[in-house]
Amino acid sequence: MKEFRDRLDDSGNEILFIILEFDNERRLKKFSLNLTTTICGKRFGVARYDCGHGYLHMHRFYRKPYTKELVHKEVSMQTVKELRKEMAQNWETWKKAFLENYGGTI
């Protein structure tokens with residue numbers, strides 16, 4: 001298993017946690033990409049891609065109520081790269097939606 005952290009902003013409040021799990025032949029078995037933000041010293045999940053239930057899906061925690069959607073992509077390093085790029089490009093929009101939906105309850 002390999003774990004990484006990508007800081008998405010200069011403050012370090014926006015972090016993308018990446019976990020990659022490989023099989024014995026070093027092929028990617030499953031992964032998770034977890035976008036988090038820190039608000040008032042507390043860390044919150046904003047969005048996550050993962051294969052935790054045997055299939056690739058996305059949790060959109062920034063929605064109210066939050067949604068979990070099937071993602072029709074293969075589990076591969078190419079998919080990880082694509083989703084990582086998507087999250088890096090959209091974190092500001094997703095954080096804004098999170099604050100609009102949950103900011104008053106934090």
# chains A, B, ... in the order shown; residues from 1 in each chain; ligands from 1
$ select_by_dssp --residues "chain A" --states "strand (DSSP E or B)" --output "PyMOL selection string"
chain A and resi 2-7+14-22+28-39+42-50+57-60+67-70
$ residues_around --residues "Trp91 of chain A" --least-positions-apart "6" --cutoff "10 Å" --atoms "only C-alpha atoms" --output "list in words"
Leu8, Asp9, Glu14, Ile15, Leu16, Leu35, Thr36, Thr37, Val46, Ala47 and Ala97 of chain A
$ residues_around --residues "Trp94 of chain A" --least-positions-apart "4" --cutoff "10 Å" --atoms "only C-alpha atoms" --output "number ranges by chain"
A: 35, 46-47, 60-63, 87, 89-90, 98-100
$ residues_around --residues "Glu21 of chain A" --least-positions-apart "3" --cutoff "7 Å" --atoms "only C-alpha atoms" --output "ChimeraX atom specification"
/A:1-2,28-31
$ write_last_selection --atoms "N, CA and C atoms" --output "PDB file, in the first residue's frame"
ATOM      1  N   MET A   1       0.847  -1.173   0.000  1.00  0.00           N
ATOM      2  CA  MET A   1       0.000   0.000   0.000  1.00  0.00           C
ATOM      3  C   MET A   1       0.892   1.237   0.000  1.00  0.00           C
ATOM      4  N   LYS A   2       0.485   2.235  -0.785  1.00  0.00           N
ATOM      5  CA  LYS A   2       1.200   3.502  -0.822  1.00  0.00           C
ATOM      6  C   LYS A   2       0.226   4.616  -0.500  1.00  0.00           C
ATOM      7  N   LEU A  28      -2.471  -2.453  -9.719  1.00  0.00           N
ATOM      8  CA  LEU A  28      -3.364  -1.676  -8.866  1.00  0.00           C
ATOM      9  C   LEU A  28      -4.630  -2.480  -8.607  1.00  0.00           C
ATOM     10  N   LYS A  29      -4.913  -2.694  -7.344  1.00  0.00           N
ATOM     11  CA  LYS A  29      -6.072  -3.484  -6.930  1.00  0.00           C
ATOM     12  C   LYS A  29      -7.250  -2.572  -6.590  1.00  0.00           C
ATOM     13  N   LYS A  30      -6.970  -1.533  -5.794  1.00  0.00           N
ATOM     14  CA  LYS A  30      -7.978  -0.533  -5.459  1.00  0.00           C
ATOM     15  C   LYS A  30      -7.293   0.741  -5.002  1.00  0.00           C
ATOM     16  N   PHE A  31      -8.086   1.811  -4.937  1.00  0.00           N
ATOM     17  CA  PHE A  31      -7.536   3.105  -4.571  1.00  0.00           C
ATOM     18  C   PHE A  31      -8.614   3.980  -3.962  1.00  0.00           C
TER      19      PHE A  31
END
$ select_by_dssp --residues "chain A" --states "alpha helix (DSSP H)" --output "JSON, numbers by chain"
{"A": [77, 78, 79, 80, 81, 82, 83, 84, 85, 86, 87, 88, 89, 90, 91, 92, 93, 94, 95, 96, 97, 98, 99, 100, 101, 102]}
$ write_last_selection --atoms "C-alpha atoms" --output "PDB file, in the first residue's frame"
ATOM      1  CA  MET A  77      -3.237   4.150 -12.708  1.00  0.00           C
ATOM      2  CA  GLN A  78      -4.534   6.114 -15.710  1.00  0.00           C
ATOM      3  CA  THR A  79      -7.909   6.464 -13.971  1.00  0.00           C
ATOM      4  CA  VAL A  80      -6.172   7.582 -10.771  1.00  0.00           C
ATOM      5  CA  LYS A  81      -4.299  10.261 -12.745  1.00  0.00           C
ATOM      6  CA  GLU A  82      -7.490  11.472 -14.445  1.00  0.00           C
ATOM      7  CA  LEU A  83      -9.494  11.637 -11.215  1.00  0.00           C
ATOM      8  CA  ARG A  84      -6.611  13.281  -9.342  1.00  0.00           C
ATOM      9  CA  LYS A  85      -6.485  15.988 -12.022  1.00  0.00           C
ATOM     10  CA  GLU A  86     -10.270  16.446 -11.874  1.00  0.00           C
ATOM     11  CA  MET A  87     -10.192  16.887  -8.106  1.00  0.00           C
ATOM     12  CA  ALA A  88      -7.278  19.331  -8.277  1.00  0.00           C
ATOM     13  CA  GLN A  89      -9.166  21.390 -10.864  1.00  0.00           C
ATOM     14  CA  ASN A  90     -12.515  21.389  -9.018  1.00  0.00           C
ATOM     15  CA  TRP A  91     -11.620  21.604  -5.316  1.00  0.00           C
ATOM     16  CA  GLU A  92     -12.473  25.313  -5.040  1.00  0.00           C
ATOM     17  CA  THR A  93     -15.932  24.861  -6.575  1.00  0.00           C
ATOM     18  CA  TRP A  94     -16.644  21.810  -4.434  1.00  0.00           C
ATOM     19  CA  LYS A  95     -15.444  23.518  -1.254  1.00  0.00           C
ATOM     20  CA  LYS A  96     -17.670  26.508  -1.996  1.00  0.00           C
ATOM     21  CA  ALA A  97     -20.672  24.179  -2.390  1.00  0.00           C
ATOM     22  CA  PHE A  98     -19.715  22.407   0.851  1.00  0.00           C
ATOM     23  CA  LEU A  99     -19.619  25.727   2.724  1.00  0.00           C
ATOM     24  CA  GLU A 100     -22.928  26.838   1.196  1.00  0.00           C
ATOM     25  CA  ASN A 101     -24.600  23.570   2.204  1.00  0.00           C
ATOM     26  CA  TYR A 102     -22.972  22.928   5.574  1.00  0.00           C
TER      27      TYR A 102
END
$ residues_around --residues "Phe4 of chain A" --least-positions-apart "4" --cutoff "8 Å" --atoms "only C-alpha atoms" --output "MDAnalysis selection string"
chainID A and resid 17:19
$ write_last_selection --atoms "N, CA and C atoms" --output "PDB file, in the first residue's frame"
ATOM      1  N   PHE A  17      -5.803  13.286  -0.145  1.00  0.00           N
ATOM      2  CA  PHE A  17      -5.160  12.072   0.365  1.00  0.00           C
ATOM      3  C   PHE A  17      -5.359  10.968  -0.669  1.00  0.00           C
ATOM      4  N   ILE A  18      -4.277  10.312  -1.028  1.00  0.00           N
ATOM      5  CA  ILE A  18      -4.314   9.272  -2.056  1.00  0.00           C
ATOM      6  C   ILE A  18      -3.792   7.980  -1.452  1.00  0.00           C
ATOM      7  N   ILE A  19      -4.569   6.918  -1.585  1.00  0.00           N
ATOM      8  CA  ILE A  19      -4.157   5.592  -1.118  1.00  0.00           C
ATOM      9  C   ILE A  19      -4.256   4.636  -2.299  1.00  0.00           C
TER      10      ILE A  19
END
$ atom_distance --atom1 "atom CA of Tyr49 of chain A" --atom2 "atom CA of Arg27 of chain A"
18.5 Å
$ closest_residue --among "A:Thr67, A:Asn13, A:Ser32, A:Asn24" --to "His53 of chain A" --atoms "only C-alpha atoms"
A:Ser32
$ atom_distance --atom1 "atom CA of Ile39 of chain A" --atom2 "atom CA of Asp6 of chain A"
17.7 Å
$ atom_distance --atom1 "atom CA of Gly41 of chain A" --atom2 "atom CA of Tyr66 of chain A"
22.3 Å
$ decode --residues "segment 19-30 of chain A" --atoms "N, CA and C atoms" --output "PDB file, in the first residue's frame"
ATOM      1  N   ILE A  19      -4.569   6.918  -1.585  1.00  0.00           N
ATOM      2  CA  ILE A  19      -4.157   5.592  -1.118  1.00  0.00           C
ATOM      3  C   ILE A  19      -4.256   4.636  -2.299  1.00  0.00           C
ATOM      4  N   LEU A  20      -3.162   3.943  -2.581  1.00  0.00           N
ATOM      5  CA  LEU A  20      -3.102   2.958  -3.660  1.00  0.00           C
ATOM      6  C   LEU A  20      -2.796   1.603  -3.059  1.00  0.00           C
ATOM      7  N   GLU A  21      -3.558   0.601  -3.433  1.00  0.00           N
ATOM      8  CA  GLU A  21      -3.326  -0.758  -2.948  1.00  0.00           C
ATOM      9  C   GLU A  21      -3.072  -1.662  -4.154  1.00  0.00           C
ATOM     10  N   PHE A  22      -1.995  -2.451  -4.068  1.00  0.00           N
ATOM     11  CA  PHE A  22      -1.577  -3.297  -5.177  1.00  0.00           C
ATOM     12  C   PHE A  22      -1.697  -4.776  -4.807  1.00  0.00           C
ATOM     13  N   ASP A  23      -1.849  -5.622  -5.829  1.00  0.00           N
ATOM     14  CA  ASP A  23      -1.866  -7.068  -5.589  1.00  0.00           C
ATOM     15  C   ASP A  23      -0.428  -7.601  -5.590  1.00  0.00           C
ATOM     16  N   ASN A  24      -0.261  -8.895  -5.492  1.00  0.00           N
ATOM     17  CA  ASN A  24       1.079  -9.503  -5.415  1.00  0.00           C
ATOM     18  C   ASN A  24       1.902  -9.307  -6.686  1.00  0.00           C
ATOM     19  N   GLU A  25       1.227  -9.088  -7.806  1.00  0.00           N
ATOM     20  CA  GLU A  25       1.927  -8.846  -9.071  1.00  0.00           C
ATOM     21  C   GLU A  25       2.153  -7.354  -9.322  1.00  0.00           C
ATOM     22  N   ARG A  26       1.931  -6.543  -8.290  1.00  0.00           N
ATOM     23  CA  ARG A  26       2.121  -5.086  -8.353  1.00  0.00           C
ATOM     24  C   ARG A  26       1.148  -4.383  -9.295  1.00  0.00           C
ATOM     25  N   ARG A  27      -0.012  -4.987  -9.506  1.00  0.00           N
ATOM     26  CA  ARG A  27      -1.067  -4.332 -10.281  1.00  0.00           C
ATOM     27  C   ARG A  27      -1.975  -3.601  -9.304  1.00  0.00           C
ATOM     28  N   LEU A  28      -2.471  -2.453  -9.719  1.00  0.00           N
ATOM     29  CA  LEU A  28      -3.364  -1.676  -8.866  1.00  0.00           C
ATOM     30  C   LEU A  28      -4.630  -2.480  -8.607  1.00  0.00           C
ATOM     31  N   LYS A  29      -4.913  -2.694  -7.344  1.00  0.00           N
ATOM     32  CA  LYS A  29      -6.072  -3.484  -6.930  1.00  0.00           C
ATOM     33  C   LYS A  29      -7.250  -2.572  -6.590  1.00  0.00           C
ATOM     34  N   LYS A  30      -6.970  -1.533  -5.794  1.00  0.00           N
ATOM     35  CA  LYS A  30      -7.978  -0.533  -5.459  1.00  0.00           C
ATOM     36  C   LYS A  30      -7.293   0.741  -5.002  1.00  0.00           C
TER      37      LYS A  30
END
